[in-house]
file run-v5.cif (mmCIF, C-alpha atoms)
data_data
loop_
_atom_site.label_atom_id
_atom_site.label_comp_id
_atom_site.auth_asym_id
_atom_site.auth_seq_id
_atom_site.Cartn_x
_atom_site.Cartn_y
_atom_site.Cartn_z
CA MET A 416 59.81 35.08 -83.51
CA LYS A 417 57.72 33.77 -80.62
CA LYS A 418 58.45 32.79 -77.03
CA PRO A 419 60.61 31.28 -75.66
CA PHE A 420 62.75 32.73 -78.50
CA GLU A 421 63.57 36.44 -78.43
CA TRP A 422 65.66 38.71 -80.66
CA ASP A 423 68.39 40.79 -79.02
CA GLU A 424 68.38 44.14 -80.82
CA TYR A 425 71.73 45.09 -79.28
CA SER A 426 73.83 42.22 -80.63
CA ASP A 427 71.66 41.40 -83.69
CA GLN A 428 71.14 37.78 -82.71
CA PRO A 429 68.68 35.71 -80.69
CA ALA A 430 68.91 36.03 -76.92
CA GLN A 431 70.07 33.03 -74.91
CA LEU A 432 67.36 30.43 -74.35
CA LYS A 433 66.63 30.49 -70.64
CA ASP A 434 64.04 27.70 -70.62
CA ARG A 435 66.29 24.73 -69.82
CA VAL A 436 63.37 22.31 -69.54
CA PHE A 437 62.31 23.17 -73.09
CA LYS A 438 65.85 22.78 -74.43
CA THR A 439 66.32 19.42 -72.73
CA LYS A 440 62.98 18.18 -74.04
CA MET A 441 63.77 19.21 -77.63
CA ARG A 442 67.25 17.69 -77.57
CA LYS A 443 65.94 14.39 -76.24
CA ARG A 444 63.41 14.35 -79.07
CA GLU A 445 66.23 14.74 -81.59
CA PHE A 446 68.47 12.07 -80.05
CA PHE A 447 68.52 9.94 -83.21
CA SER A 448 69.76 12.88 -85.28
CA PHE A 449 72.55 13.56 -82.76
CA PHE A 450 73.51 9.89 -82.98
CA LYS A 451 73.71 10.15 -86.78
CA THR A 452 75.87 13.28 -86.46
CA PHE A 453 78.28 11.31 -84.26
CA LEU A 454 78.45 8.32 -86.62
CA ILE A 455 78.88 10.44 -89.75
CA SER A 456 81.69 12.51 -88.25
CA LEU A 457 83.36 9.35 -86.99
CA PHE A 458 83.51 8.17 -90.60
CA VAL A 459 84.15 11.49 -92.39
CA PHE A 460 86.76 13.05 -90.12
CA PRO A 461 89.62 10.55 -90.66
CA ILE A 462 89.08 10.41 -94.43
CA SER A 463 88.90 14.20 -94.82
CA ILE A 464 91.98 14.83 -92.65
CA ILE A 465 93.99 12.30 -94.66
CA ALA A 466 92.78 13.93 -97.91
CA MET A 467 93.65 17.50 -96.85
CA PRO A 468 97.14 17.62 -98.44
CA TYR A 469 95.76 16.39 -101.77
CA ILE A 470 93.11 19.06 -102.31
CA ARG A 471 94.37 21.46 -104.96
CA ARG A 472 93.92 25.19 -104.71
CA LYS A 473 91.62 26.89 -107.20
CA HIS A 474 91.69 30.39 -108.64
CA VAL A 475 89.67 32.74 -106.44
CA ALA A 476 88.47 35.97 -108.07
CA SER A 477 89.72 38.75 -105.82
CA LYS A 478 86.99 41.17 -106.95
CA SER A 479 84.22 39.03 -105.49
CA PHE A 480 86.21 37.63 -102.55
CA PHE A 481 85.75 40.72 -100.38
CA SER A 482 82.19 41.02 -99.08
CA MET A 483 80.66 43.29 -96.47
CA GLY A 484 77.66 42.51 -94.29
CA VAL A 485 75.19 45.38 -94.22
CA ASP A 486 71.84 45.97 -92.50
CA TYR A 487 69.37 47.47 -94.98
CA GLN A 488 67.34 48.93 -92.09
CA ARG A 489 70.26 50.64 -90.34
CA GLU A 490 71.33 54.00 -91.77
CA SER A 491 70.57 52.76 -95.28
CA ILE A 492 71.49 55.99 -97.09
CA GLU A 493 74.76 56.36 -95.21
CA SER A 494 75.46 52.66 -95.69
CA LEU A 495 75.39 53.10 -99.46
CA LYS A 496 77.92 55.94 -99.21
CA LEU A 497 80.16 53.89 -96.93
CA LEU A 498 80.02 50.90 -99.28
CA ASP A 499 81.08 53.12 -102.17
CA GLU A 500 83.93 54.44 -100.06
CA LEU A 501 85.09 50.92 -99.21
CA GLY A 502 84.95 49.84 -102.84
CA VAL A 503 83.44 46.41 -102.15
CA GLU A 504 81.73 44.65 -105.05
CA ARG A 505 79.86 42.06 -102.98
CA ILE A 506 77.60 42.53 -99.96
CA LEU A 507 75.71 40.22 -97.61
CA VAL A 508 72.26 41.22 -96.37
CA ARG A 509 70.15 39.38 -93.78
CA LEU A 510 66.37 38.89 -94.02
CA LYS A 511 64.35 37.59 -91.07
CA LEU A 512 61.55 35.19 -91.94
CA TRP A 513 59.42 36.75 -89.19
CA GLU A 514 59.73 40.22 -90.74
CA LEU A 515 58.67 39.62 -94.33
CA ASP A 516 56.71 42.87 -94.30
CA THR A 517 60.10 44.58 -94.80
CA ILE A 518 60.65 42.98 -98.22
CA PRO A 519 59.64 46.16 -100.13
CA GLU A 520 62.25 48.09 -98.12
CA LEU A 521 64.83 45.39 -98.82
CA LYS A 522 63.96 45.38 -102.51
CA GLU A 523 64.56 49.11 -102.81
CA PHE A 524 67.90 48.74 -101.04
CA LEU A 525 68.97 45.95 -103.38
CA LYS A 526 68.00 47.98 -106.43
CA LYS A 527 70.40 50.67 -105.25
CA ASN A 528 73.11 48.00 -105.06
CA LYS A 529 72.61 46.58 -108.56
CA LYS A 530 76.30 47.06 -109.32
CA ARG A 531 77.21 44.68 -106.50
CA LYS A 532 76.77 40.94 -106.11
CA VAL A 533 74.42 40.15 -103.23
CA ILE A 534 74.28 37.21 -100.83
CA LEU A 535 70.93 37.16 -99.03
CA LYS A 536 71.08 35.29 -95.74
CA ILE A 537 67.58 34.09 -94.81
CA LEU A 538 67.27 33.85 -91.03
CA GLN A 539 64.91 31.24 -89.60
CA ASP A 540 62.58 31.19 -86.62
CA ARG A 541 61.07 28.20 -84.85
CA GLU A 542 57.69 28.68 -86.54
CA HIS A 543 59.15 28.18 -90.03
CA ILE A 544 61.26 25.24 -88.88
CA LYS A 545 58.17 23.44 -87.53
CA ASP A 546 55.76 24.43 -90.33
CA LEU A 547 57.39 23.51 -93.63
CA GLU A 548 54.31 24.52 -95.60
CA LEU A 549 54.61 28.01 -94.15
CA LEU A 550 58.32 27.97 -95.02
CA GLU A 551 57.59 26.95 -98.62
CA ARG A 552 55.02 29.71 -99.02
CA ASP A 553 57.29 32.40 -97.65
CA LEU A 554 60.39 31.27 -99.51
CA ARG A 555 58.41 31.29 -102.74
CA ALA A 556 57.37 34.87 -102.03
CA ILE A 557 61.00 35.88 -101.31
CA PHE A 558 62.39 34.23 -104.44
CA ALA A 559 59.68 35.74 -106.63
CA SER A 560 59.90 39.24 -105.17
CA LEU A 561 63.71 39.49 -105.25
CA ASP A 562 64.25 37.68 -108.53
CA ARG A 563 67.41 38.84 -110.36
CA LEU A 564 68.39 41.15 -107.48
CA VAL A 565 70.12 38.43 -105.45
CA ASP A 566 73.17 36.49 -106.62
CA ILE A 567 73.15 33.82 -103.89
CA TYR A 568 70.61 32.82 -101.22
CA GLU A 569 71.99 31.46 -97.97
CA ILE A 570 69.31 29.24 -96.46
CA GLY A 571 69.34 29.32 -92.68
CA SER A 572 72.08 30.35 -90.29
CA THR A 573 73.90 29.19 -87.17
CA ILE A 574 72.21 25.80 -87.20
CA ASN A 575 74.24 24.40 -84.28
CA ARG A 576 72.97 26.89 -81.70
CA ALA A 577 69.59 26.14 -80.10
CA LYS A 578 68.75 29.82 -79.63
CA TRP A 579 68.59 30.10 -83.43
CA GLY A 580 65.76 27.53 -83.52
CA PHE A 581 67.31 24.29 -84.75
CA PHE A 582 67.74 21.41 -82.34
CA SER A 583 69.38 18.96 -84.74
CA VAL A 584 70.97 18.73 -88.16
CA ASP A 585 68.03 16.69 -89.44
CA GLU A 586 65.75 19.62 -88.67
CA TYR A 587 68.01 21.78 -90.79
CA ASN A 588 68.18 19.20 -93.57
CA ARG A 589 64.38 19.18 -93.83
CA PHE A 590 64.38 22.99 -93.75
CA TYR A 591 66.95 23.31 -96.54
CA LYS A 592 65.22 20.69 -98.71
CA VAL A 593 62.14 22.93 -98.93
CA ALA A 594 64.29 25.64 -100.53
CA TYR A 595 66.01 23.14 -102.81
CA ASP A 596 62.69 21.68 -104.03
CA LEU A 597 61.46 25.19 -104.85
CA LYS A 598 64.65 25.86 -106.82
CA LYS A 599 64.36 22.57 -108.67
CA CYS A 600 60.70 23.04 -109.63
CA GLU A 601 60.10 26.79 -109.90
CA PHE A 602 63.32 28.83 -109.63
CA LYS A 603 65.94 26.83 -111.52
CA HIS A 604 68.24 29.82 -112.06
CA ILE A 605 68.81 30.75 -108.41
CA LYS A 606 71.85 29.71 -106.39
CA LEU A 607 71.45 28.23 -102.92
CA ILE A 608 74.16 27.81 -100.32
CA GLY A 609 73.66 26.13 -96.99
CA SER A 610 74.97 24.31 -93.96
CA GLY A 611 75.47 27.49 -91.90
CA VAL A 612 77.48 25.89 -89.10
CA ILE A 613 79.11 28.38 -86.73
CA ASP A 614 82.60 28.02 -85.25
CA PHE A 615 84.89 24.99 -85.35
CA GLU A 616 82.14 22.39 -84.87
CA PHE A 617 82.71 20.40 -88.02
CA HIS A 618 80.77 17.32 -86.84
CA PHE A 619 77.60 19.29 -87.61
CA LEU A 620 79.10 20.35 -90.95
CA ALA A 621 79.84 16.73 -91.83
CA HIS A 622 76.21 15.75 -91.24
CA THR A 623 74.97 18.53 -93.55
CA LEU A 624 77.33 17.35 -96.32
CA PHE A 625 77.00 13.57 -95.98
CA ASN A 626 73.42 12.36 -95.61
CA PHE A 627 70.61 10.71 -97.58
CA PHE A 628 68.42 13.79 -98.03
CA ASN A 629 67.65 14.51 -101.67
CA TYR A 630 69.13 17.97 -102.09
CA LYS A 631 72.27 19.73 -103.31
CA TYR A 632 74.11 22.96 -102.51
CA ASP A 633 75.52 25.45 -105.00
CA GLY A 634 78.17 26.03 -102.37
CA VAL A 635 78.68 25.77 -98.63
CA ALA A 636 78.24 28.63 -96.17
CA SER A 637 80.30 28.68 -92.99
CA LEU A 638 80.29 31.09 -90.05
CA LEU A 639 83.93 30.49 -89.22
CA TYR A 640 84.51 32.58 -86.12
CA VAL A 641 87.87 32.23 -84.38
CA ASP A 642 87.44 35.19 -82.02
CA ARG A 643 87.38 33.11 -78.83
CA ARG A 644 90.95 31.99 -79.61
CA GLY A 645 92.26 35.54 -79.97
CA ALA A 646 94.49 36.01 -83.01
CA PRO A 647 93.57 34.14 -86.23
CA GLU A 648 96.93 32.35 -86.13
CA ASN A 649 96.14 30.83 -82.72
CA THR A 650 95.20 27.18 -82.60
CA GLN A 651 92.22 25.21 -81.39
CA LEU A 652 92.82 21.48 -80.95
CA GLY A 653 95.95 22.02 -83.03
CA PHE A 654 94.16 23.80 -85.90
CA ASN A 655 94.70 27.48 -86.74
CA LEU A 656 92.51 29.44 -89.15
CA SER A 657 94.35 28.21 -92.24
CA ASP A 658 94.07 24.60 -91.07
CA LYS A 659 90.35 24.98 -90.37
CA ILE A 660 89.75 26.41 -93.84
CA ALA A 661 91.75 23.57 -95.42
CA TRP A 662 89.75 20.93 -93.53
CA LEU A 663 86.44 22.63 -94.22
CA SER A 664 87.27 22.93 -97.92
CA THR A 665 88.33 19.28 -98.07
CA MET A 666 84.94 18.15 -96.76
CA VAL A 667 83.20 20.33 -99.36
CA TRP A 668 85.31 18.77 -102.12
CA LEU A 669 84.62 15.24 -100.89
CA SER A 670 80.86 15.74 -100.60
CA LEU A 671 78.64 14.79 -103.52
CA LYS A 672 76.03 17.23 -102.28
CA SER A 673 77.83 20.48 -103.04
CA LYS A 674 79.62 22.29 -105.80
CA HIS A 675 83.21 23.13 -104.90
CA ALA A 676 82.44 26.59 -103.56
CA LEU A 677 82.98 27.86 -100.03
CA HIS A 678 81.62 31.13 -98.64
CA ILE A 679 82.53 32.36 -95.16
CA THR A 680 79.41 34.41 -94.55
CA GLU A 681 80.22 35.72 -91.06
CA ALA A 682 83.40 36.57 -89.18
CA ASN A 683 84.36 39.32 -86.75
CA TRP A 684 85.79 40.09 -83.32
CA PRO A 685 83.73 41.65 -80.50
CA ILE A 686 85.08 45.02 -79.35
CA SER A 687 85.91 45.94 -75.74
CA ASN A 688 83.74 48.32 -73.72
CA THR A 689 80.73 48.02 -76.04
CA ALA A 690 78.35 46.02 -73.83
CA PRO A 691 75.47 45.32 -74.30
CA TYR A 692 76.19 45.57 -78.04
CA ALA A 693 79.06 43.06 -78.03
CA PRO A 694 77.77 39.57 -78.93
CA THR A 695 80.01 37.88 -76.33
CA SER A 696 81.31 38.56 -72.84
CA GLU A 697 84.03 41.14 -72.21
CA PHE A 698 86.54 38.30 -71.82
CA GLU A 699 86.49 37.61 -75.58
CA CYS A 700 86.49 41.28 -76.58
CA VAL A 701 89.52 43.02 -78.07
CA SER A 702 90.64 46.62 -78.50
CA GLU A 703 89.81 48.53 -81.68
CA LYS A 704 93.47 48.28 -82.72
CA LEU A 705 93.56 44.50 -82.33
CA TYR A 706 90.18 44.28 -84.05
CA ALA A 707 91.67 46.02 -87.11
CA GLU A 708 94.84 43.88 -87.10
CA TYR A 709 92.99 40.60 -86.65
CA MET A 710 90.48 41.53 -89.34
CA LEU A 711 93.22 42.19 -91.88
CA ARG A 712 95.19 39.07 -91.03
CA TYR A 713 92.04 36.91 -91.17
CA HIS A 714 91.36 38.15 -94.71
CA LEU A 715 94.95 37.62 -95.84
CA LEU A 716 95.03 34.06 -94.50
CA ALA A 717 91.63 33.22 -96.00
CA PHE A 718 92.57 34.70 -99.39
CA ALA A 719 95.91 32.89 -99.32
CA SER A 720 94.10 29.57 -98.91
CA GLN A 721 92.65 30.04 -102.42
CA GLN A 722 89.73 27.91 -101.24
CA VAL A 723 87.35 30.62 -99.99
CA ASP A 724 85.19 32.14 -102.74
CA SER A 725 83.94 35.01 -100.60
CA LEU A 726 84.45 36.31 -97.07
CA SER A 727 81.72 38.50 -95.57
CA TRP A 728 82.75 40.76 -92.72
CA HIS A 729 79.97 41.01 -90.12
CA GLN A 730 79.33 43.90 -90.43
CA LEU A 731 79.47 47.50 -91.67
CA ILE A 732 77.62 49.41 -88.93
CA ALA A 733 77.42 47.82 -85.48
CA ALA A 734 78.41 49.25 -82.12
CA GLY A 735 79.77 45.99 -80.73
CA TYR A 736 81.63 44.54 -83.71
CA GLY A 737 81.28 46.71 -86.82
CA LEU A 738 83.58 48.91 -88.88
CA VAL A 739 81.44 51.88 -87.90
CA ASP A 740 80.24 52.64 -84.35
CA ASN A 741 76.70 54.10 -84.37
CA ARG A 742 76.16 54.78 -80.66
CA GLU A 743 76.72 58.52 -81.00
CA GLY A 744 76.35 59.38 -84.66
CA LEU A 745 78.50 57.39 -87.08
CA ARG A 746 82.16 57.01 -86.14
CA LYS A 747 84.52 55.13 -88.43
CA ARG A 748 86.82 52.89 -86.49
CA GLU A 749 90.46 52.43 -87.56
CA ALA A 750 89.34 49.11 -89.04
CA PHE A 751 87.30 51.00 -91.63
CA GLU A 752 90.46 52.50 -93.17
CA VAL A 753 92.24 49.16 -92.83
CA TYR A 754 89.46 47.43 -94.76
CA ARG A 755 89.30 50.18 -97.40
CA PHE A 756 93.05 50.08 -98.01
CA MET A 757 93.03 46.27 -98.16
CA VAL A 758 90.26 46.19 -100.77
CA ASP A 759 91.86 49.03 -102.76
CA ASN A 760 95.14 47.10 -103.01
CA LEU A 761 93.89 43.52 -103.33
CA LYS A 762 90.62 43.62 -105.27
CA ASP A 763 92.54 43.11 -108.53
CA ALA A 764 95.41 41.11 -107.07
CA GLN A 765 96.78 37.81 -108.35
CA PHE A 766 97.83 35.69 -105.39
CA LEU A 767 101.28 34.12 -105.58
CA ARG A 768 102.22 32.53 -102.26
CA LEU A 769 102.20 32.75 -98.49
CA ASP A 770 105.52 32.16 -96.73
CA ILE A 771 105.57 31.39 -93.00
CA LYS A 772 108.76 30.94 -90.99
CA ARG A 773 108.92 30.98 -87.20
CA GLY A 774 105.83 33.13 -86.88
CA TYR A 775 106.89 35.55 -89.63
CA TYR A 776 104.36 35.85 -92.46
CA ILE A 777 104.90 37.17 -95.99
CA PHE A 778 101.82 37.33 -98.23
CA GLN A 779 102.83 37.82 -101.88
CA CYS A 780 100.72 38.82 -104.86
CA LEU A 781 100.85 40.75 -108.13
CA VAL A 782 99.00 44.06 -108.40
CA GLU A 783 99.05 45.50 -111.91
CA ASN A 784 102.18 43.44 -112.63
CA LYS A 785 103.88 44.87 -109.57
CA LEU A 786 105.00 42.63 -106.70
CA LEU A 787 103.28 43.37 -103.40
CA GLN A 788 104.40 41.74 -100.17
CA ILE A 789 102.45 42.09 -96.92
CA HIS A 790 104.57 41.36 -93.85
CA TRP A 791 103.56 40.67 -90.26
CA SER A 792 105.09 38.76 -87.37
CA LEU A 793 103.78 37.20 -84.18
CA LYS A 794 107.01 38.29 -82.48
CA ASP A 795 108.25 41.85 -82.94
CA THR A 796 111.25 42.08 -85.27
CA THR A 797 112.80 44.52 -87.74
CA LEU A 798 113.51 44.67 -91.47
CA LYS A 799 115.74 47.05 -93.40
CA ASN A 800 113.74 49.45 -95.59
CA GLU A 801 115.45 48.99 -98.94
CA GLU A 802 115.65 51.74 -101.58
CA TYR A 803 113.44 49.71 -103.89
CA PHE A 804 110.66 49.36 -101.27
CA SER A 805 107.50 51.46 -101.16
CA VAL A 806 106.08 50.82 -97.71
CA TYR A 807 102.63 51.57 -96.28
CA SER A 808 100.96 50.97 -92.95
CA MET A 809 97.77 48.92 -92.78
CA THR A 810 95.76 52.17 -92.99
CA GLY A 811 97.68 53.38 -96.05
CA LEU A 812 100.18 55.81 -94.50
CA ALA A 813 103.55 55.92 -96.30
CA ILE A 814 106.48 54.77 -94.15
CA GLN A 815 109.99 55.99 -94.94
CA ASP A 816 111.86 54.90 -91.80
CA LYS A 817 115.21 53.25 -92.50
CA THR A 818 114.27 50.35 -90.25
CA LEU A 819 110.81 48.78 -90.46
CA ASN A 820 109.19 47.46 -87.30
CA ILE A 821 107.45 44.20 -88.21
CA GLY A 822 104.86 43.05 -85.71
CA SER A 823 101.15 42.40 -85.37
CA SER A 824 100.19 45.30 -87.70
CA PRO A 825 100.78 44.13 -91.30
CA LEU A 826 102.91 46.35 -93.58
CA TYR A 827 102.33 46.64 -97.33
CA ILE A 828 105.65 46.57 -99.18
CA TYR A 829 105.65 47.17 -102.93
CA ILE A 830 108.85 45.98 -104.65
CA ASN A 831 109.75 48.55 -107.28
CA ASP A 832 110.64 47.51 -110.84
CA SER A 833 114.26 48.58 -110.51
CA VAL A 834 115.11 45.62 -108.29
#

call {"tool": "encode", "arguments": {"input": "run-v5.cif", "output": "structure tokens"}}
result
Amino acid sequence: MKKPFEWDEYSDQPAQLKDRVFKTKMRKREFFSFFKTFLISLFVFPISIIAMPYIRRKHVASKSFFSMGVDYQRESIESLKLLDELGVERILVRLKLWELDTIPELKEFLKKNKKRKVILKILQDREHIKDLELLERDLRAIFASLDRLVDIYEIGSTINRAKWGFFSVDEYNRFYKVAYDLKKCEFKHIKLIGSGVIDFEFHFLAHTLFNFFNYKYDGVASLLYVDRRGAPENTQLGFNLSDKIAWLSTMVWLSLKSKHALHITEANWPISNTAPYAPTSEFECVSEKLYAEYMLRYHLLAFASQQVDSLSWHQLIAAGYGLVDNREGLRKREAFEVYRFMVDNLKDAQFLRLDIKRGYYIFQCLVENKLLQIHWSLKDTTLKNEEYFSVYSMTGLAIQDKTLNIGSSPLYIYINDSV
């Protein structure tokens, strides 16, 4: 990664581009692509919104739904132990195109994770975006070196943020086509997912799914952050998380460029008092307790959509937003136990339904032929603890109180067979 682009080691993302003259120049050069993005979204948005109620749910395999982002260069030995403790069967690993000398290290890490499915997110820099011959050479080396160790390759990331190197969707389309041509000619067995739009900026997504470039996706990757809105149930332009997933999924189904697969490859909330490690300002940060609650509710809502094939939490070890704080040794946050208990209960679950009434949510599924309900409410209320209930907190502690307090912390309620 070369100037004016810089990598921020604290937040694991590029630093803000401070050269405004350079940004203005690049955006003016890509004006025609921006115009196409506007026209495409103007056409796609009304059709996709109208079609939303008609898109049928599919069966999502719970075992491979839960995915954890992990840095193969950060406490790699401890990371393997933590992954075993969490019980996840899919992980997401990021590889920087400007650090290909670390491939042997990555390869060893992936070999130790052979029992897990792996999504490899290939991060771009400006040099590989400009020089497509360089990109082809390096992608070929990655595909050949990691053959059979990676389940899915995510090509590019965060394409609608200039600091990540792309200044238009057309630049990304040309970038992705290099990977697709390699797959088509030399690596027919690999799976490629793309788009990589961050946040609720679906006009960029529409352009990646509806265009005249000769390529296809094996699925769509989305970085669907909702952290700036607070709770996952909060709305943005009238759309909450469930609505955003439904709209996103509808566009994937309508597109002729992609198989009907959707992977949310990044989501998290920044944690208070962790600057400079938090990826946003303190205004967007939340407490560790809220982080754990929001994380769980995000997963439940995404799983209930039955449209998301995998959801990758970003990430395992990170001071500003991870399940484990590594500033002074390794400290598991409450969210670690919340995630572990969620996976332990839901990795073999059969989803039934999600009931919502006046801000009260009941997620229902079958676990080993036993009915499990997960309750939470946006307004504090109470529920009688019946004799046929087995109740657990979001961290797995048994609750035997006669009256259950239902609020922002979801409760697991197993309905015993005697009912």

call {"tool": "residues_near_point", "arguments": {"input": "run-v5.cif", "point": "(102.4, 39.1, -84.4)", "cutoff": "6 Å", "atoms": "all atoms listed in the file", "output": "list in words"}}
result
Ser792, Leu793, Lys794, Gly822 and Ser823 of chain A

call {"tool": "residues_near_point", "arguments": {"input": "run-v5.cif", "point": "(66.0, 31.5, -108.1)", "cutoff": "9 Å", "atoms": "all atoms listed in the file", "output": "list of chain:residue names"}}
result
A:Phe558, A:Ala559, A:Leu561, A:Asp562, A:Arg563, A:Val565, A:Asp566, A:Ile567, A:Tyr568, A:Leu597, A:Lys598, A:Glu601, A:Phe602, A:Lys603, A:His604, A:Ile605, A:Lys606, A:Leu607

call {"tool": "resolve_selection", "arguments": {"input": "run-v5.cif", "expression": "the PyMOL selection byres ((chain A and resi 631) around 10)", "output": "PyMOL selection string"}}
result
chain A and resi 591-592+595-596+599+607-609+624+628-630+632-635+670-674

call {"tool": "write_last_selection", "arguments": {"input": "run-v5.cif", "atoms": "C-alpha atoms", "output": "PDB file, in the coordinates of the input"}}
result
ATOM      1  CA  TYR A 591      66.950  23.310 -96.540  1.00  0.00           C
ATOM      2  CA  LYS A 592      65.220  20.690 -98.710  1.00  0.00           C
ATOM      3  CA  TYR A 595      66.010  23.140-102.810  1.00  0.00           C
ATOM      4  CA  ASP A 596      62.690  21.680-104.030  1.00  0.00           C
ATOM      5  CA  LYS A 599      64.360  22.570-108.670  1.00  0.00           C
ATOM      6  CA  LEU A 607      71.450  28.230-102.920  1.00  0.00           C
ATOM      7  CA  ILE A 608      74.160  27.810-100.320  1.00  0.00           C
ATOM      8  CA  GLY A 609      73.660  26.130 -96.990  1.00  0.00           C
ATOM      9  CA  LEU A 624      77.330  17.350 -96.320  1.00  0.00           C
ATOM     10  CA  PHE A 628      68.420  13.790 -98.030  1.00  0.00           C
ATOM     11  CA  ASN A 629      67.650  14.510-101.670  1.00  0.00           C
ATOM     12  CA  TYR A 630      69.130  17.970-102.090  1.00  0.00           C
ATOM     13  CA  TYR A 632      74.110  22.960-102.510  1.00  0.00           C
ATOM     14  CA  ASP A 633      75.520  25.450-105.000  1.00  0.00           C
ATOM     15  CA  GLY A 634      78.170  26.030-102.370  1.00  0.00           C
ATOM     16  CA  VAL A 635      78.680  25.770 -98.630  1.00  0.00           C
ATOM     17  CA  SER A 670      80.860  15.740-100.600  1.00  0.00           C
ATOM     18  CA  LEU A 671      78.640  14.790-103.520  1.00  0.00           C
ATOM     19  CA  LYS A 672      76.030  17.230-102.280  1.00  0.00           C
ATOM     20  CA  SER A 673      77.830  20.480-103.040  1.00  0.00           C
ATOM     21  CA  LYS A 674      79.620  22.290-105.800  1.00  0.00           C
TER      22      LYS A 674
END

call {"tool": "residues_around", "arguments": {"input": "run-v5.cif", "residues": "Asp614 (chain A)", "least_positions_apart": "2", "cutoff": "6 Å", "atoms": "all atoms listed in the file", "output": "MDAnalysis selection string"}}
result
chainID A and resid 616 639:640

call {"tool": "closest_residue", "arguments": {"input": "run-v5.cif", "among": "A:Tyr587, A:Phe625, A:Phe524, A:Tyr827", "to": "Glu493 (chain A)", "atoms": "all atoms listed in the file"}}
result
A:Phe524

call {"tool": "resolve_selection", "arguments": {"input": "run-v5.cif", "expression": "the PyMOL selection byres ((chain A and resi 503) around 8)", "output": "list in words"}}
result
Lys478, Phe481, Ser482, Met483, Leu498, Asp499, Leu501, Gly502, Glu504, Arg505, Ile506, Arg531 and Val758 of chain A

call {"tool": "resolve_selection", "arguments": {"input": "run-v5.cif", "expression": "the PyMOL selection byres ((chain A and resi 687) around 6)", "output": "list in words"}}
result
Ile686, Asn688, Thr689, Cys700, Val701 and Ser702 of chain A

call {"tool": "atom_distance", "arguments": {"input": "run-v5.cif", "atom1": "CA of Arg589 (chain A)", "atom2": "CA of Met441 (chain A)"}}
result
16.2 Å

call {"tool": "closest_residue", "arguments": {"input": "run-v5.cif", "among": "A:Ser491, A:Tyr469, A:Phe617, A:Ala734", "to": "Pro691 (chain A)", "atoms": "all atoms listed in the file"}}
result
A:Ala734

call {"tool": "residues_around", "arguments": {"input": "run-v5.cif", "residues": "Ser808 (chain A)", "least_positions_apart": "4", "cutoff": "8 Å", "atoms": "all atoms listed in the file", "output": "PyMOL selection string"}}
result
chain A and resi 812-814+824-827

call {"tool": "closest_residue", "arguments": {"input": "run-v5.cif", "among": "A:His729, A:Leu798, A:Arg773, A:Val641", "to": "Tyr713 (chain A)", "atoms": "only C-alpha atoms"}}
result
A:Val641

call {"tool": "closest_residue", "arguments": {"input": "run-v5.cif", "among": "A:Ile462, A:Leu510, A:Met809, A:Leu761", "to": "Leu787 (chain A)", "atoms": "all atoms listed in the file"}}
result
A:Leu761

call {"tool": "closest_residue", "arguments": {"input": "run-v5.cif", "among": "A:Glu699, A:Gln722, A:Lys526, A:Phe615", "to": "Tyr736 (chain A)", "atoms": "all atoms listed in the file"}}
result
A:Glu699

call {"tool": "atom_distance", "arguments": {"input": "run-v5.cif", "atom1": "CA of Gly611 (chain A)", "atom2": "CA of Glu752 (chain A)"}}
result
29.2 Å

call {"tool": "closest_residue", "arguments": {"input": "run-v5.cif", "among": "A:Lys529, A:Lys772, A:Lys578, A:Lys496", "to": "Asp434 (chain A)", "atoms": "only C-alpha atoms"}}
result
A:Lys578

call {"tool": "atom_distance", "arguments": {"input": "run-v5.cif", "atom1": "CA of Leu538 (chain A)", "atom2": "CA of Phe619 (chain A)"}}
result
18.2 Å

call {"tool": "residues_around", "arguments": {"input": "run-v5.cif", "residues": "Leu535 (chain A)", "least_positions_apart": "5", "cutoff": "6 Å", "atoms": "all atoms listed in the file", "output": "list in words"}}
result
Leu507, Val508, Arg509, Tyr568 and Glu569 of chain A

call {"tool": "residues_around", "arguments": {"input": "run-v5.cif", "residues": "Phe778 (chain A)", "least_positions_apart": "4", "cutoff": "6 Å", "atoms": "only C-alpha atoms", "output": "count of residues only"}}
result
3
